[in-house]
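K.L.:
structure14.csv is the file, holding CSV, N, CA and C atoms:
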chain,number,residue,atom,x,y,z
A,1088,MET,N,27.3,-56.7,-73.0
A,1088,MET,CA,27.4,-58.2,-72.9
A,1088,MET,C,28.0,-58.5,-71.5
A,1089,LEU,N,27.5,-59.5,-70.8
A,1089,LEU,CA,27.9,-59.8,-69.5
A,1089,LEU,C,29.2,-60.7,-69.6
A,1090,LYS,N,30.1,-60.4,-68.7
A,1090,LYS,CA,31.4,-61.2,-68.6
A,1090,LYS,C,31.0,-62.6,-68.1
A,1091,PRO,N,31.8,-63.6,-68.3
A,1091,PRO,CA,31.5,-65.0,-67.9
A,1091,PRO,C,31.2,-65.1,-66.4
A,1092,VAL,N,32.0,-64.4,-65.6
A,1092,VAL,CA,31.8,-64.5,-64.1
A,1092,VAL,C,30.5,-63.9,-63.7
A,1093,LEU,N,30.1,-62.8,-64.3
A,1093,LEU,CA,28.9,-62.1,-64.0
A,1093,LEU,C,27.7,-62.9,-64.5
A,1094,ARG,N,27.8,-63.5,-65.7
A,1094,ARG,CA,26.8,-64.4,-66.3
A,1094,ARG,C,26.5,-65.5,-65.3
A,1095,GLY,N,27.6,-66.1,-64.8
A,1095,GLY,CA,27.4,-67.2,-63.8
A,1095,GLY,C,26.7,-66.8,-62.6
A,1096,THR,N,27.0,-65.6,-62.1
A,1096,THR,CA,26.4,-65.1,-60.9
A,1096,THR,C,24.9,-64.8,-61.1
A,1097,VAL,N,24.6,-64.2,-62.3
A,1097,VAL,CA,23.2,-64.0,-62.6
A,1097,VAL,C,22.4,-65.3,-62.7
A,1098,ALA,N,23.0,-66.3,-63.4
A,1098,ALA,CA,22.4,-67.6,-63.5
A,1098,ALA,C,22.1,-68.2,-62.2
A,1099,ALA,N,23.1,-68.2,-61.3
A,1099,ALA,CA,23.0,-68.8,-60.0
A,1099,ALA,C,21.9,-68.1,-59.2
A,1100,SER,N,21.8,-66.8,-59.3
A,1100,SER,CA,20.8,-66.0,-58.6
A,1100,SER,C,19.4,-66.4,-59.1
A,1101,ALA,N,19.2,-66.6,-60.4
A,1101,ALA,CA,18.0,-67.0,-60.9
A,1101,ALA,C,17.6,-68.4,-60.4
A,1102,VAL,N,18.5,-69.3,-60.4
A,1102,VAL,CA,18.3,-70.7,-59.9
A,1102,VAL,C,17.9,-70.6,-58.4
A,1103,ALA,N,18.6,-69.8,-57.6
A,1103,ALA,CA,18.3,-69.7,-56.2
A,1103,ALA,C,16.9,-69.2,-56.0
A,1104,LEU,N,16.4,-68.2,-56.8
A,1104,LEU,CA,15.1,-67.7,-56.6
A,1104,LEU,C,14.1,-68.7,-57.0
A,1105,ALA,N,14.3,-69.5,-58.1
A,1105,ALA,CA,13.4,-70.5,-58.5
A,1105,ALA,C,13.2,-71.6,-57.5
A,1106,LEU,N,14.3,-71.9,-56.8
A,1106,LEU,CA,14.2,-72.9,-55.8
A,1106,LEU,C,13.7,-72.4,-54.4
A,1107,ALA,N,13.5,-71.2,-54.2
A,1107,ALA,CA,13.1,-70.6,-53.0
A,1107,ALA,C,11.7,-71.1,-52.5
A,1108,GLY,N,10.8,-71.3,-53.4
A,1108,GLY,CA,9.5,-71.8,-53.1
A,1108,GLY,C,9.5,-73.2,-52.4
A,1109,PRO,N,10.2,-74.2,-53.0
A,1109,PRO,CA,10.3,-75.5,-52.3
A,1109,PRO,C,11.1,-75.4,-51.0
A,1110,ALA,N,12.1,-74.6,-51.0
A,1110,ALA,CA,12.9,-74.5,-49.8
A,1110,ALA,C,12.1,-73.9,-48.6
A,1111,LEU,N,11.1,-73.1,-48.9
A,1111,LEU,CA,10.3,-72.5,-47.8
A,1111,LEU,C,9.5,-73.6,-47.2
A,1112,ALA,N,9.0,-74.5,-48.0
A,1112,ALA,CA,8.1,-75.6,-47.4
A,1112,ALA,C,9.0,-76.6,-46.6
A,1113,GLN,N,10.2,-76.8,-47.0
A,1113,GLN,CA,11.1,-77.8,-46.3
A,1113,GLN,C,11.6,-77.2,-45.0
A,1114,ALA,N,11.9,-75.9,-44.9
A,1114,ALA,CA,12.5,-75.3,-43.7
A,1114,ALA,C,11.4,-74.8,-42.8
A,1115,ASN,N,10.2,-74.9,-43.2
A,1115,ASN,CA,9.1,-74.3,-42.5
A,1115,ASN,C,7.9,-75.2,-42.4
A,1116,PRO,N,7.9,-76.1,-41.4
A,1116,PRO,CA,6.9,-77.1,-41.3
A,1116,PRO,C,5.5,-76.6,-41.2
A,1117,ASN,N,5.3,-75.4,-40.7
A,1117,ASN,CA,4.0,-74.8,-40.6
A,1117,ASN,C,3.5,-74.2,-41.9
A,1118,GLN,N,4.4,-74.3,-43.0
A,1118,GLN,CA,4.1,-73.8,-44.3
A,1118,GLN,C,3.6,-72.4,-44.4
A,1119,ILE,N,4.3,-71.5,-43.7
A,1119,ILE,CA,4.1,-70.1,-43.8
A,1119,ILE,C,5.0,-69.6,-45.0
A,1120,ALA,N,4.4,-68.9,-45.9
A,1120,ALA,CA,5.1,-68.3,-47.0
A,1120,ALA,C,5.6,-67.0,-46.6
A,1121,LEU,N,6.9,-66.8,-46.4
A,1121,LEU,CA,7.5,-65.6,-46.0
A,1121,LEU,C,8.1,-64.8,-47.1
A,1122,PHE,N,8.0,-63.5,-47.1
A,1122,PHE,CA,8.5,-62.6,-48.1
A,1122,PHE,C,9.0,-61.3,-47.4
A,1123,LYS,N,10.0,-60.7,-48.0
A,1123,LYS,CA,10.5,-59.4,-47.6
A,1123,LYS,C,9.9,-58.4,-48.6
A,1124,VAL,N,9.1,-57.4,-48.1
A,1124,VAL,CA,8.6,-56.4,-48.9
A,1124,VAL,C,9.4,-55.1,-48.8
A,1125,VAL,N,10.0,-54.7,-49.9
A,1125,VAL,CA,10.9,-53.5,-49.8
A,1125,VAL,C,10.1,-52.3,-50.4
A,1126,THR,N,10.2,-51.2,-49.7
A,1126,THR,CA,9.6,-50.0,-50.1
A,1126,THR,C,10.7,-48.9,-50.1
A,1127,ALA,N,10.4,-47.7,-50.6
A,1127,ALA,CA,11.4,-46.6,-50.6
A,1127,ALA,C,11.7,-46.2,-49.1
A,1128,LYS,N,10.8,-46.4,-48.2
A,1128,LYS,CA,10.9,-46.0,-46.8
A,1128,LYS,C,11.6,-47.1,-46.0
A,1129,ASP,N,11.2,-48.3,-46.1
A,1129,ASP,CA,11.7,-49.4,-45.2
A,1129,ASP,C,11.5,-50.8,-45.9
A,1130,ASP,N,11.8,-51.8,-45.1
A,1130,ASP,CA,11.4,-53.2,-45.6
A,1130,ASP,C,10.8,-53.9,-44.4
A,1131,VAL,N,10.0,-54.9,-44.7
A,1131,VAL,CA,9.3,-55.6,-43.7
A,1131,VAL,C,9.1,-57.1,-44.1
A,1132,VAL,N,9.2,-58.0,-43.2
A,1132,VAL,CA,9.0,-59.4,-43.5
A,1132,VAL,C,7.5,-59.7,-43.2
A,1133,VAL,N,6.9,-60.3,-44.2
A,1133,VAL,CA,5.5,-60.6,-44.1
A,1133,VAL,C,5.3,-62.1,-44.5
A,1134,GLY,N,4.1,-62.6,-44.2
A,1134,GLY,CA,3.8,-63.9,-44.5
A,1134,GLY,C,2.3,-64.2,-44.6
A,1135,TRP,N,2.1,-65.3,-45.3
A,1135,TRP,CA,0.7,-65.9,-45.5
A,1135,TRP,C,0.7,-67.3,-45.1
A,1136,THR,N,-0.4,-67.8,-44.6
A,1136,THR,CA,-0.5,-69.3,-44.4
A,1136,THR,C,-0.7,-70.0,-45.7
A,1137,LYS,N,-0.5,-71.2,-45.7
A,1137,LYS,CA,-0.7,-72.0,-47.0
A,1137,LYS,C,-2.1,-71.8,-47.5
A,1138,ALA,N,-3.1,-71.8,-46.6
A,1138,ALA,CA,-4.5,-71.6,-47.1
A,1138,ALA,C,-4.7,-70.2,-47.7
A,1139,GLU,N,-4.1,-69.2,-47.1
A,1139,GLU,CA,-4.2,-67.9,-47.7
A,1139,GLU,C,-3.6,-67.8,-49.1
A,1140,VAL,N,-2.4,-68.4,-49.3
A,1140,VAL,CA,-1.8,-68.4,-50.6
A,1140,VAL,C,-2.6,-69.2,-51.6
A,1141,GLU,N,-3.1,-70.3,-51.2
A,1141,GLU,CA,-3.9,-71.1,-52.1
A,1141,GLU,C,-5.2,-70.4,-52.5
A,1142,ALA,N,-5.8,-69.6,-51.7
A,1142,ALA,CA,-6.9,-68.8,-52.0
A,1142,ALA,C,-6.6,-67.7,-53.0
A,1143,MET,N,-5.4,-67.3,-53.1
A,1143,MET,CA,-5.0,-66.2,-54.1
A,1143,MET,C,-4.8,-66.8,-55.5
A,1144,GLY,N,-4.4,-68.1,-55.6
A,1144,GLY,CA,-4.2,-68.6,-56.9
A,1144,GLY,C,-3.2,-69.7,-56.9
A,1145,ARG,N,-2.9,-70.3,-58.1
A,1145,ARG,CA,-1.9,-71.4,-58.2
A,1145,ARG,C,-0.7,-70.9,-59.0
A,1146,GLY,N,0.4,-71.5,-58.7
A,1146,GLY,CA,1.6,-71.2,-59.4
A,1146,GLY,C,2.7,-71.0,-58.4
A,1147,ALA,N,3.8,-70.4,-58.9
A,1147,ALA,CA,5.0,-70.1,-58.0
A,1147,ALA,C,4.6,-69.1,-57.0
A,1148,LEU,N,5.0,-69.3,-55.8
A,1148,LEU,CA,4.5,-68.4,-54.7
A,1148,LEU,C,4.8,-66.9,-55.0
A,1149,ILE,N,5.9,-66.6,-55.5
A,1149,ILE,CA,6.3,-65.2,-55.7
A,1149,ILE,C,5.4,-64.6,-56.8
A,1150,ASP,N,5.1,-65.4,-57.8
A,1150,ASP,CA,4.2,-65.0,-58.9
A,1150,ASP,C,2.8,-64.8,-58.4
A,1151,VAL,N,2.3,-65.7,-57.6
A,1151,VAL,CA,0.9,-65.6,-57.0
A,1151,VAL,C,0.8,-64.3,-56.2
A,1152,VAL,N,1.7,-64.1,-55.3
A,1152,VAL,CA,1.7,-62.9,-54.4
A,1152,VAL,C,1.8,-61.6,-55.3
A,1153,ALA,N,2.8,-61.5,-56.2
A,1153,ALA,CA,2.9,-60.3,-57.0
A,1153,ALA,C,1.7,-60.1,-57.8
A,1154,GLY,N,1.2,-61.1,-58.4
A,1154,GLY,CA,0.0,-61.0,-59.3
A,1154,GLY,C,-1.2,-60.5,-58.5
A,1155,GLU,N,-1.4,-61.0,-57.3
A,1155,GLU,CA,-2.5,-60.6,-56.5
A,1155,GLU,C,-2.4,-59.2,-56.0
A,1156,LEU,N,-1.2,-58.8,-55.6
A,1156,LEU,CA,-0.9,-57.4,-55.2
A,1156,LEU,C,-1.2,-56.4,-56.4
A,1157,GLN,N,-0.8,-56.8,-57.6
A,1157,GLN,CA,-1.0,-56.0,-58.7
A,1157,GLN,C,-2.5,-55.9,-59.0
A,1158,ARG,N,-3.2,-57.0,-59.0
A,1158,ARG,CA,-4.6,-57.1,-59.3
A,1158,ARG,C,-5.5,-56.3,-58.3
A,1159,ALA,N,-5.2,-56.5,-57.0
A,1159,ALA,CA,-6.0,-55.9,-55.9
A,1159,ALA,C,-5.6,-54.5,-55.5
A,1160,GLY,N,-4.3,-54.2,-55.7
A,1160,GLY,CA,-3.8,-52.9,-55.3
A,1160,GLY,C,-3.3,-52.9,-53.9
A,1161,GLN,N,-3.8,-53.8,-53.1
A,1161,GLN,CA,-3.4,-53.9,-51.6
A,1161,GLN,C,-3.6,-55.3,-51.1
A,1162,LEU,N,-2.8,-55.7,-50.2
A,1162,LEU,CA,-3.0,-57.0,-49.5
A,1162,LEU,C,-2.9,-56.9,-48.0
A,1163,SER,N,-3.7,-57.6,-47.4
A,1163,SER,CA,-3.6,-57.8,-45.9
A,1163,SER,C,-2.7,-59.0,-45.6
A,1164,VAL,N,-1.7,-58.7,-44.8
A,1164,VAL,CA,-0.7,-59.8,-44.5
A,1164,VAL,C,-0.3,-59.8,-43.0
A,1165,TRP,N,0.3,-60.9,-42.6
A,1165,TRP,CA,0.9,-60.9,-41.3
A,1165,TRP,C,2.3,-60.4,-41.4
A,1166,GLN,N,2.6,-59.4,-40.5
A,1166,GLN,CA,4.0,-59.0,-40.3
A,1166,GLN,C,4.7,-59.9,-39.4
A,1167,PHE,N,5.9,-60.4,-39.8
A,1167,PHE,CA,6.6,-61.3,-38.9
A,1167,PHE,C,7.9,-60.6,-38.4
A,1168,ALA,N,8.3,-61.0,-37.2
A,1168,ALA,CA,9.5,-60.5,-36.6
A,1168,ALA,C,10.2,-61.6,-35.8
A,1169,THR,N,11.4,-61.5,-35.5
A,1169,THR,CA,12.2,-62.4,-34.7
A,1169,THR,C,11.9,-62.1,-33.2
A,1170,LEU,N,11.3,-63.0,-32.5
A,1170,LEU,CA,11.0,-62.8,-31.1
A,1170,LEU,C,11.5,-64.0,-30.3
A,1171,ARG,N,11.5,-63.9,-29.0
A,1171,ARG,CA,11.8,-65.0,-28.1
A,1171,ARG,C,10.6,-65.6,-27.6
A,1172,ASP,N,10.5,-67.0,-27.6
A,1172,ASP,CA,9.4,-67.7,-27.1
A,1172,ASP,C,9.5,-67.8,-25.5
A,1173,LYS,N,8.6,-68.4,-24.9
A,1173,LYS,CA,8.6,-68.5,-23.4
A,1173,LYS,C,9.8,-69.2,-22.9
A,1174,ASP,N,10.5,-70.0,-23.7
A,1174,ASP,CA,11.7,-70.7,-23.3
A,1174,ASP,C,13.0,-70.0,-23.6
A,1175,GLY,N,12.8,-68.8,-24.2
A,1175,GLY,CA,13.9,-67.9,-24.5
A,1175,GLY,C,14.6,-68.2,-25.9
A,1176,GLN,N,14.0,-69.1,-26.6
A,1176,GLN,CA,14.5,-69.5,-28.0
A,1176,GLN,C,14.0,-68.4,-29.0
A,1177,LEU,N,14.9,-68.1,-29.9
A,1177,LEU,CA,14.5,-67.2,-31.0
A,1177,LEU,C,13.6,-67.9,-32.0
A,1178,LYS,N,12.5,-67.2,-32.4
A,1178,LYS,CA,11.5,-67.7,-33.4
A,1178,LYS,C,11.1,-66.6,-34.3
A,1179,THR,N,10.7,-66.9,-35.5
A,1179,THR,CA,10.1,-65.9,-36.4
A,1179,THR,C,8.6,-66.1,-36.2
A,1180,ALA,N,8.0,-65.0,-35.7
A,1180,ALA,CA,6.6,-65.1,-35.2
A,1180,ALA,C,5.8,-64.0,-35.8
A,1181,PRO,N,4.5,-64.2,-36.0
A,1181,PRO,CA,3.6,-63.1,-36.4
A,1181,PRO,C,3.5,-62.0,-35.4
A,1182,LEU,N,3.6,-60.8,-35.8
A,1182,LEU,CA,3.6,-59.7,-34.9
A,1182,LEU,C,2.2,-59.0,-34.9
A,1183,LYS,N,1.8,-58.7,-36.2
A,1183,LYS,CA,0.4,-58.0,-36.3
A,1183,LYS,C,0.0,-58.1,-37.8
A,1184,ARG,N,-1.2,-57.9,-38.0
A,1184,ARG,CA,-1.8,-57.8,-39.3
A,1184,ARG,C,-1.6,-56.4,-39.9
A,1185,ILE,N,-1.0,-56.3,-41.1
A,1185,ILE,CA,-0.8,-55.0,-41.8
A,1185,ILE,C,-1.3,-55.1,-43.2
A,1186,VAL,N,-1.3,-54.0,-43.9
A,1186,VAL,CA,-1.7,-53.9,-45.3
A,1186,VAL,C,-0.6,-53.3,-46.1
A,1187,ILE,N,-0.2,-54.0,-47.2
A,1187,ILE,CA,0.8,-53.4,-48.1
A,1187,ILE,C,0.1,-52.9,-49.3
A,1188,PHE,N,0.5,-51.8,-49.9
A,1188,PHE,CA,-0.1,-51.2,-51.1
A,1188,PHE,C,0.8,-51.3,-52.3
A,1189,ALA,N,0.3,-51.6,-53.4
A,1189,ALA,CA,1.1,-51.8,-54.6
A,1189,ALA,C,1.9,-50.6,-55.0
A,1190,PRO,N,1.3,-49.4,-55.0
A,1190,PRO,CA,2.1,-48.2,-55.4
A,1190,PRO,C,3.3,-48.0,-54.6
A,1191,GLY,N,3.4,-48.3,-53.3
A,1191,GLY,CA,4.5,-48.1,-52.5
A,1191,GLY,C,5.5,-49.2,-52.4
A,1192,THR,N,5.2,-50.3,-53.1
A,1192,THR,CA,6.1,-51.5,-53.0
A,1192,THR,C,7.1,-51.4,-54.2
A,1193,ALA,N,8.4,-51.4,-53.8
A,1193,ALA,CA,9.4,-51.4,-54.8
A,1193,ALA,C,9.8,-52.9,-55.3
A,1194,ARG,N,9.7,-53.8,-54.3
A,1194,ARG,CA,10.2,-55.1,-54.6
A,1194,ARG,C,9.6,-56.1,-53.5
A,1195,ILE,N,9.3,-57.3,-54.0
A,1195,ILE,CA,9.0,-58.4,-53.1
A,1195,ILE,C,9.9,-59.6,-53.4
A,1196,GLU,N,10.5,-60.1,-52.3
A,1196,GLU,CA,11.5,-61.2,-52.5
A,1196,GLU,C,11.2,-62.3,-51.5
A,1197,PRO,N,11.5,-63.6,-51.9
A,1197,PRO,CA,11.3,-64.6,-50.9
A,1197,PRO,C,12.2,-64.4,-49.7
A,1198,TYR,N,11.8,-64.8,-48.5
A,1198,TYR,CA,12.6,-64.7,-47.3
A,1198,TYR,C,12.6,-66.0,-46.6
A,1199,VAL,N,13.8,-66.5,-46.3
A,1199,VAL,CA,14.0,-67.7,-45.5
A,1199,VAL,C,14.5,-67.4,-44.1
A,1200,SER,N,13.7,-67.7,-43.1
A,1200,SER,CA,14.1,-67.4,-41.7
A,1200,SER,C,15.2,-68.4,-41.3
A,1201,ALA,N,16.1,-67.9,-40.4
A,1201,ALA,CA,17.1,-68.7,-39.8
A,1201,ALA,C,16.5,-69.5,-38.6
A,1202,TYR,N,15.3,-69.1,-38.2
A,1202,TYR,CA,14.7,-69.6,-37.0
A,1202,TYR,C,13.4,-70.3,-37.4
A,1203,ASP,N,12.9,-71.1,-36.4
A,1203,ASP,CA,11.6,-71.8,-36.6
A,1203,ASP,C,10.6,-70.7,-36.8
A,1204,VAL,N,9.6,-71.0,-37.7
A,1204,VAL,CA,8.5,-70.0,-38.0
A,1204,VAL,C,7.3,-70.5,-37.4
A,1205,LEU,N,6.7,-69.6,-36.6
A,1205,LEU,CA,5.4,-69.9,-35.9
A,1205,LEU,C,4.2,-69.4,-36.7
A,1206,PRO,N,3.2,-70.2,-36.7
A,1206,PRO,CA,2.0,-69.8,-37.5
A,1206,PRO,C,1.2,-68.7,-36.7
A,1207,PRO,N,0.4,-68.0,-37.4
A,1207,PRO,CA,-0.5,-67.0,-36.7
A,1207,PRO,C,-1.6,-67.8,-35.9
A,1208,ASN,N,-2.0,-67.2,-34.8
A,1208,ASN,CA,-3.0,-67.9,-34.0
A,1208,ASN,C,-4.4,-67.6,-34.5
Mind turning the file's structure into structure tokens?
P.N.:
Amino acid sequence: MLKPVLRGTVAASAVALALAGPALAQANPNQIALFKVVTAKDDVVVGWTKAEVEAMGRGALIDVVAGELQRAGQLSVWQFATLRDKDGQLKTAPLKRIVIFAPGTARIEPYVSAYDVLPPN
């Protein structure tokens, strides 16, 4: 049985994850859905454009992405990194296209960047 303090923490975490989808759209005018993919070896920030996510299906972002990864076994995604733009400002920008594989993925979680998110070109 969970202690009251721990129950509150678990409940707050669940609410935060449920609200992460709408928060992504508000903090990210280019509507890039960002996620951290955690594997046994490392973790990487990846993202999809709004059109790419809509092509995968409807529902909560995390559910759509997890379901598509499970169904397809692998997904092609944009890897994002924090980079400086030509004015020296930090931005979260697409780095390269990569593939993530379902068997090697331990966890996928929503990621909110502290910087402006640039769309893929």
K.L.:
Between atom C of Lys1137 in chain A and atom N of Lys1178 in chain A, what is the distance, to one decimal in Å?
P.N.:
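Here the two named atoms are 21.5 Å from each other.
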K.L.:
Mind working out the centre and edge lengths of an axis-aligned box for range 1160-1179 of chain A, all listed atoms inside, 6 Å added to each side, rounded to one decimal in Å and written as AutoDock Vina command-line options?
P.N.:
--center_x 5.3 --center_y -61.8 --center_z -39.3 --size_x 31.2 --size_y 29.8 --size_z 44.8
K.L.:
For Ala1159 in chain A, which residue out of A:Val1199, A:Val1132, A:Val1124, A:Ala1189 is the nearest one, using only N, CA and C atoms?
P.N.:
A:Ala1189
K.L.:
Counting only C-alpha atoms, which residue out of A:Ser1163, A:Asn1208, A:Arg1184, A:Ala1120 sits closest to Ala1147 in chain A?
P.N.:
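Once distances to Ala1147 in chain A are computed over only C-alpha atoms, the minimum belongs to A:Ala1120.
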K.L.:
Could you work out how far CA of Thr1136 in chain A lies from CA of Phe1167 in chain A, giving the answer in Å with one decimal?
P.N.:
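One can read the CA of Phe1167 in chain A to CA of Thr1136 in chain A distance as 12.0 Å.
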K.L.:
Enter the distance from CA of Ala1153 in chain A to CA of Ala1193 in chain A, in Å, rounded to one decimal.
P.N.:
11.2 Å
K.L.:
Hey, which of A:Tyr1202, A:Gln1166, A:Ala1142, A:Arg1158 ends up closest to Pro1181 in chain A? Count only C-alpha atoms.
P.N.:
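Closest residue, counting only C-alpha atoms: A:Gln1166.
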K.L.:
Hey, which of A:Ala1180, A:Glu1139, A:Leu1148, A:Pro1190 ends up closest to Gly1160 in chain A? Count only C-alpha atoms.
P.N.:
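Checking each of A:Ala1180, A:Glu1139, A:Leu1148, A:Pro1190 against Gly1160 in chain A, counting only C-alpha atoms, the winner is A:Pro1190.
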K.L.:
Need the neighbours of (9.5, -61.7, -48.1): which residues are at most 6.5 Å away, counting all atoms listed in the file, as a PyMOL selection string?
P.N.:
chain A and resi 1121-1124+1131-1133+1195-1198
K.L.:
Between A:Leu1205, A:Leu1156, A:Met1143, A:Leu1162, which one has atoms that come closest to Thr1179 in chain A, using all atoms listed in the file?
P.N.:
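Among the listed residues, A:Leu1205 lies closest to Thr1179 in chain A.
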K.L.:
For each of A:Leu1170, A:Val1164, A:Ala1201, A:Val1140, take the minimum atom-to-atom distance to Ile1185 in chain A, counting only C-alpha atoms, then give the residue where this is smallest.
P.N.:
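Checking each candidate against Ile1185 in chain A, we get A:Val1164 as the closest.
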